[in-house]
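Structure first, commentary second.
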Amino acid sequence: MRIATWNVNGIRARLGFVQHWLRARRPDAVALQELKVAEEAFPHEEIAACAYRALVLGQKGWNGVAVLAREELPAEITARGLSGQEDFGARLLSARVGEGADALELASVYVPNGKDVDHDDFPRKLAWLDALAGFLDAHADPARPFVLGGDFNVVPAAIDSWNEAKLAGRIFHTDEERKRFARLLEGGLVDLFRRHHPETAAFSWWDYRGGAFHRKQGLRIDFLLATPPVAERTAEVAIDRDWRKKVEGLTPSDHAPVVAELSGG
């Protein structure tokens with residue numbers, strides 16, 4: 001089973017690009033973030049043309065998350081939204097995908113940016129992460145197959161930043177954010193990429209400006225976090241960096257997909 005997470009930075013703007021990727025990589029289930037469309041405007045037909053169904057929590061112009069599943073796989077929503085955090089918009093959707101030994105629950109999450117440590121959104125971001133931890137405590141049984149995929153807008157450690165010395169203490173790099181990310185792992189989730197690549201400095205997001213991608217000035221802020229039953233099945237995890245490049249003249253997202261290969265259950 002192949003699972004992935006990807007902040008597409010606008011599903012309408014990136015639709016052709018996403019279709020190319022789906023047809024080339026053929027994941028079984030995908031957590032998407034930053035759709036920037038209302039639910040009724042989601043391009044279901046175009047996604048179905050690639051042999052996928054989409055479960056969507058949308059919002060016009062901002063945020064928005066989805067879980068895509070190959071059309072032959074059963075898929076049903078298990079949670080919509082994060083209780084008590086509705087003011088921050090459409091940022092969490094969880095779905096059960098598959099059946100039998102290969103079935104798992106995949107949650108797509110888009111953590112608030114926080115803007116700046118001095119901005120009013122920063123403490124609200126921390127509260128959102130606290131609420132996410134509470135959701136996982138109640139919803140993610142460590143003994144069952146569960147994956148939390150998404151854009152966390154947190155750099156967990158120095159190795160995940162292109163310039164920790166310069167950026168330490170700034171947004172995404174603060175002790176407060178890192179403590180909350182660590183709490184998710186302490187609650188029983190495993191960072192699949194870091195488990196397989198403990199000493200690799202690799203990034204999943206690069207600013208569009210200043211040639212950041214080509215200068216390797218990125219951050220690792222997109223993750224597949226999984227319970228032990230999934231972690232034990234994971235054969236490989238990669239950041240699909242090639243899909244941060246243009247494809248047939250189409251502009252990519254500023255994020256690259258993160259993809260994990262699972263063995264049979």
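Going through the structure tokens in order, the chains are called A, B, and so on, while each chain numbers its residues from 1 and the ligands are numbered from 1 in the order shown.
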
What are the DSSP strand (DSSP E or B) residues of stretch 16-262 of chain A, as an MDAnalysis selection string? chainID A and resid 29:33 52:57 65:70 75:80 92:97 104:110 146:151 161 190:191 205:206 218:219 222:226 234:239 247 250 255 258:262

Pull the closest atom pair for each residue of stretch 222-253 of chain A that gets at most 9 Å from stretch 12-24 of chain A, along with the distance in Å to one decimal, counting only C-alpha atoms, ordering rows by chain and then ascending residue number, as JSON lines.
```
{"residue": "A:Trp243", "atom": "CA", "partner": "A:Trp21", "partner_atom": "CA", "distance": 7.6}
{"residue": "A:Lys246", "atom": "CA", "partner": "A:Phe17", "partner_atom": "CA", "distance": 8.6}
{"residue": "A:Val247", "atom": "CA", "partner": "A:Phe17", "partner_atom": "CA", "distance": 7.0}
{"residue": "A:Glu248", "atom": "CA", "partner": "A:Phe17", "partner_atom": "CA", "distance": 8.8}
{"residue": "A:Leu250", "atom": "CA", "partner": "A:Phe17", "partner_atom": "CA", "distance": 6.3}
{"residue": "A:Thr251", "atom": "CA", "partner": "A:Arg14", "partner_atom": "CA", "distance": 7.3}
{"residue": "A:Pro252", "atom": "CA", "partner": "A:Phe17", "partner_atom": "CA", "distance": 6.7}
{"residue": "A:Ser253", "atom": "CA", "partner": "A:Arg14", "partner_atom": "CA", "distance": 7.1}
```

Please produce a file of the residues just selected, as a PDB file, in the first residue's frame, where the atoms kept are N, CA, C and O atoms.
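The file below, selection_22.pdb, is the result:
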```pdb
ATOM      1  N   TRP A 243       8.635  16.331  -7.787  1.00  0.00           N
ATOM      2  CA  TRP A 243       7.338  16.939  -8.054  1.00  0.00           C
ATOM      3  C   TRP A 243       7.220  18.328  -7.436  1.00  0.00           C
ATOM      4  O   TRP A 243       6.120  18.886  -7.360  1.00  0.00           O
ATOM      5  N   LYS A 246       8.684  21.940 -12.234  1.00  0.00           N
ATOM      6  CA  LYS A 246       7.647  22.083 -13.248  1.00  0.00           C
ATOM      7  C   LYS A 246       7.468  20.783 -14.025  1.00  0.00           C
ATOM      8  O   LYS A 246       8.431  20.048 -14.268  1.00  0.00           O
ATOM      9  N   VAL A 247       6.228  20.514 -14.409  1.00  0.00           N
ATOM     10  CA  VAL A 247       5.901  19.358 -15.239  1.00  0.00           C
ATOM     11  C   VAL A 247       5.080  19.856 -16.425  1.00  0.00           C
ATOM     12  O   VAL A 247       3.997  20.428 -16.246  1.00  0.00           O
ATOM     13  N   GLU A 248       5.608  19.686 -17.607  1.00  0.00           N
ATOM     14  CA  GLU A 248       4.940  20.100 -18.836  1.00  0.00           C
ATOM     15  C   GLU A 248       4.465  21.548 -18.750  1.00  0.00           C
ATOM     16  O   GLU A 248       3.342  21.885 -19.167  1.00  0.00           O
ATOM     17  N   LEU A 250       3.608  23.213 -16.178  1.00  0.00           N
ATOM     18  CA  LEU A 250       2.705  23.474 -15.055  1.00  0.00           C
ATOM     19  C   LEU A 250       3.508  23.847 -13.812  1.00  0.00           C
ATOM     20  O   LEU A 250       4.515  23.221 -13.493  1.00  0.00           O
ATOM     21  N   THR A 251       3.031  24.859 -13.102  1.00  0.00           N
ATOM     22  CA  THR A 251       3.720  25.323 -11.897  1.00  0.00           C
ATOM     23  C   THR A 251       3.392  24.425 -10.714  1.00  0.00           C
ATOM     24  O   THR A 251       2.214  24.174 -10.427  1.00  0.00           O
ATOM     25  N   PRO A 252       4.399  23.945  -9.990  1.00  0.00           N
ATOM     26  CA  PRO A 252       4.150  23.053  -8.859  1.00  0.00           C
ATOM     27  C   PRO A 252       3.708  23.814  -7.618  1.00  0.00           C
ATOM     28  O   PRO A 252       3.794  25.046  -7.547  1.00  0.00           O
ATOM     29  N   SER A 253       3.267  23.080  -6.639  1.00  0.00           N
ATOM     30  CA  SER A 253       3.086  23.633  -5.293  1.00  0.00           C
ATOM     31  C   SER A 253       4.451  23.998  -4.732  1.00  0.00           C
ATOM     32  O   SER A 253       5.494  23.554  -5.239  1.00  0.00           O
TER      33      SER A 253
END
```

May I ask for the distance between atom CA of A:Val111 and atom CA of A:Phe172, given in Å to one decimal place?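 Rounded to one decimal, the two atoms are 10.9 Å apart.
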
Go through A:Val230, A:Val147, A:Leu185, A:Leu224 one by one, measure the shortest atom-to-atom distance of each to A:Val259 using only C-alpha atoms, and give the residue with the smallest value. A:Leu224

Residues near A:Trp6, anyone? I mean within 7 Å using only C-alpha atoms, not counting same-chain ones fewer than 2 positions away, as a count of residues only. 10

A:Trp128, A:Trp205, A:Phe193, A:Trp62 ranked by distance to A:Pro112, top pick (using only C-alpha atoms): A:Trp128

Backbone-only DSSP, helix (DSSP H, G or I) members of stretch 139-202 of chain A, as JSON, numbers by chain: {"A": [139, 158, 159, 160, 164, 165, 166, 167, 175, 176, 177, 178, 179, 180, 181, 182, 183, 184, 185, 186, 192, 193, 194, 195, 196]}

Contacts of A:Leu93 at 10 Å (only C-alpha atoms; same-chain gap of 6+ positions) as a compact mmCIF listing (two decimals) with N, CA, C and O atoms, in the first residue's frame:
```txt
# COMPACT_ATOMS: atom_id res chain seq x y z
N ALA A 31 -3.45 12.22 1.64
CA ALA A 31 -3.95 13.34 2.43
C ALA A 31 -3.54 14.63 1.72
O ALA A 31 -2.35 14.86 1.50
N LEU A 32 -4.52 15.44 1.34
CA LEU A 32 -4.24 16.71 0.69
C LEU A 32 -4.56 17.87 1.63
O LEU A 32 -5.49 17.78 2.44
N GLN A 33 -3.82 18.96 1.49
CA GLN A 33 -4.06 20.16 2.28
C GLN A 33 -4.05 21.41 1.40
O GLN A 33 -3.52 21.40 0.30
N LEU A 55 -12.81 12.56 -0.52
CA LEU A 55 -13.59 12.95 0.65
C LEU A 55 -13.05 14.31 1.09
O LEU A 55 -11.84 14.45 1.30
N VAL A 56 -13.93 15.30 1.23
CA VAL A 56 -13.47 16.69 1.28
C VAL A 56 -14.08 17.45 2.45
O VAL A 56 -15.28 17.32 2.74
N LEU A 57 -13.25 18.26 3.10
CA LEU A 57 -13.70 19.31 4.01
C LEU A 57 -13.14 20.60 3.44
O LEU A 57 -11.94 20.88 3.56
N GLY A 58 -14.00 21.38 2.78
CA GLY A 58 -13.53 22.53 2.04
C GLY A 58 -13.85 23.86 2.69
O GLY A 58 -14.62 23.93 3.64
N GLY A 64 -8.75 24.03 3.82
CA GLY A 64 -9.34 22.91 3.12
C GLY A 64 -8.45 21.68 3.10
O GLY A 64 -7.26 21.78 2.81
N VAL A 65 -9.03 20.53 3.42
CA VAL A 65 -8.30 19.26 3.45
C VAL A 65 -9.14 18.18 2.79
O VAL A 65 -10.37 18.29 2.70
N ALA A 66 -8.46 17.14 2.33
CA ALA A 66 -9.16 16.03 1.68
C ALA A 66 -8.37 14.75 1.86
O ALA A 66 -7.16 14.76 2.13
N VAL A 67 -9.07 13.64 1.71
CA VAL A 67 -8.45 12.32 1.61
C VAL A 67 -8.89 11.73 0.29
O VAL A 67 -10.09 11.62 0.01
N ILE A 77 -15.64 8.80 5.82
CA ILE A 77 -15.18 9.81 6.76
C ILE A 77 -15.43 9.35 8.19
O ILE A 77 -16.51 8.83 8.52
N THR A 78 -14.43 9.56 9.04
CA THR A 78 -14.55 9.22 10.46
C THR A 78 -14.52 10.45 11.37
O THR A 78 -14.94 10.37 12.51
N ALA A 79 -13.99 11.58 10.87
CA ALA A 79 -13.97 12.81 11.66
C ALA A 79 -13.86 14.00 10.72
O ALA A 79 -13.10 13.98 9.75
N ARG A 80 -14.62 15.06 11.02
CA ARG A 80 -14.59 16.30 10.25
C ARG A 80 -14.33 17.46 11.20
O ARG A 80 -15.14 17.74 12.08
N GLY A 81 -13.21 18.13 11.01
CA GLY A 81 -12.91 19.31 11.82
C GLY A 81 -12.35 18.97 13.18
O GLY A 81 -12.42 17.83 13.65
N LEU A 82 -11.77 19.99 13.81
CA LEU A 82 -11.16 19.85 15.13
C LEU A 82 -12.04 20.60 16.12
O LEU A 82 -12.19 21.83 16.03
N LEU A 106 -6.69 7.34 7.76
CA LEU A 106 -5.78 8.40 7.32
C LEU A 106 -6.43 9.74 7.61
O LEU A 106 -7.53 10.03 7.14
N ALA A 107 -5.74 10.55 8.41
CA ALA A 107 -6.22 11.89 8.72
C ALA A 107 -5.35 12.91 8.00
O ALA A 107 -4.12 12.81 8.02
N SER A 108 -6.00 13.88 7.37
CA SER A 108 -5.30 14.97 6.70
C SER A 108 -5.41 16.21 7.58
O SER A 108 -6.51 16.61 7.98
N VAL A 109 -4.27 16.83 7.87
CA VAL A 109 -4.25 17.95 8.79
C VAL A 109 -3.45 19.11 8.20
O VAL A 109 -2.41 18.90 7.57
N TYR A 110 -3.98 20.31 8.40
CA TYR A 110 -3.29 21.53 7.95
C TYR A 110 -3.19 22.46 9.16
O TYR A 110 -4.13 23.17 9.49
N LEU A 148 -1.46 10.12 10.49
CA LEU A 148 -1.74 11.54 10.47
C LEU A 148 -0.79 12.18 9.47
O LEU A 148 0.41 12.24 9.68
```

As an exercise, work out the distance from atom CA of A:His196 to atom CA of A:Asn7 in Å and give it to one decimal place.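 That distance, rounded to one decimal, is 21.8 Å.
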
From the list A:Val155, A:Ala226, A:Leu92, A:Leu192, the nearest residue to A:Pro142 using only C-alpha atoms is A:Ala226
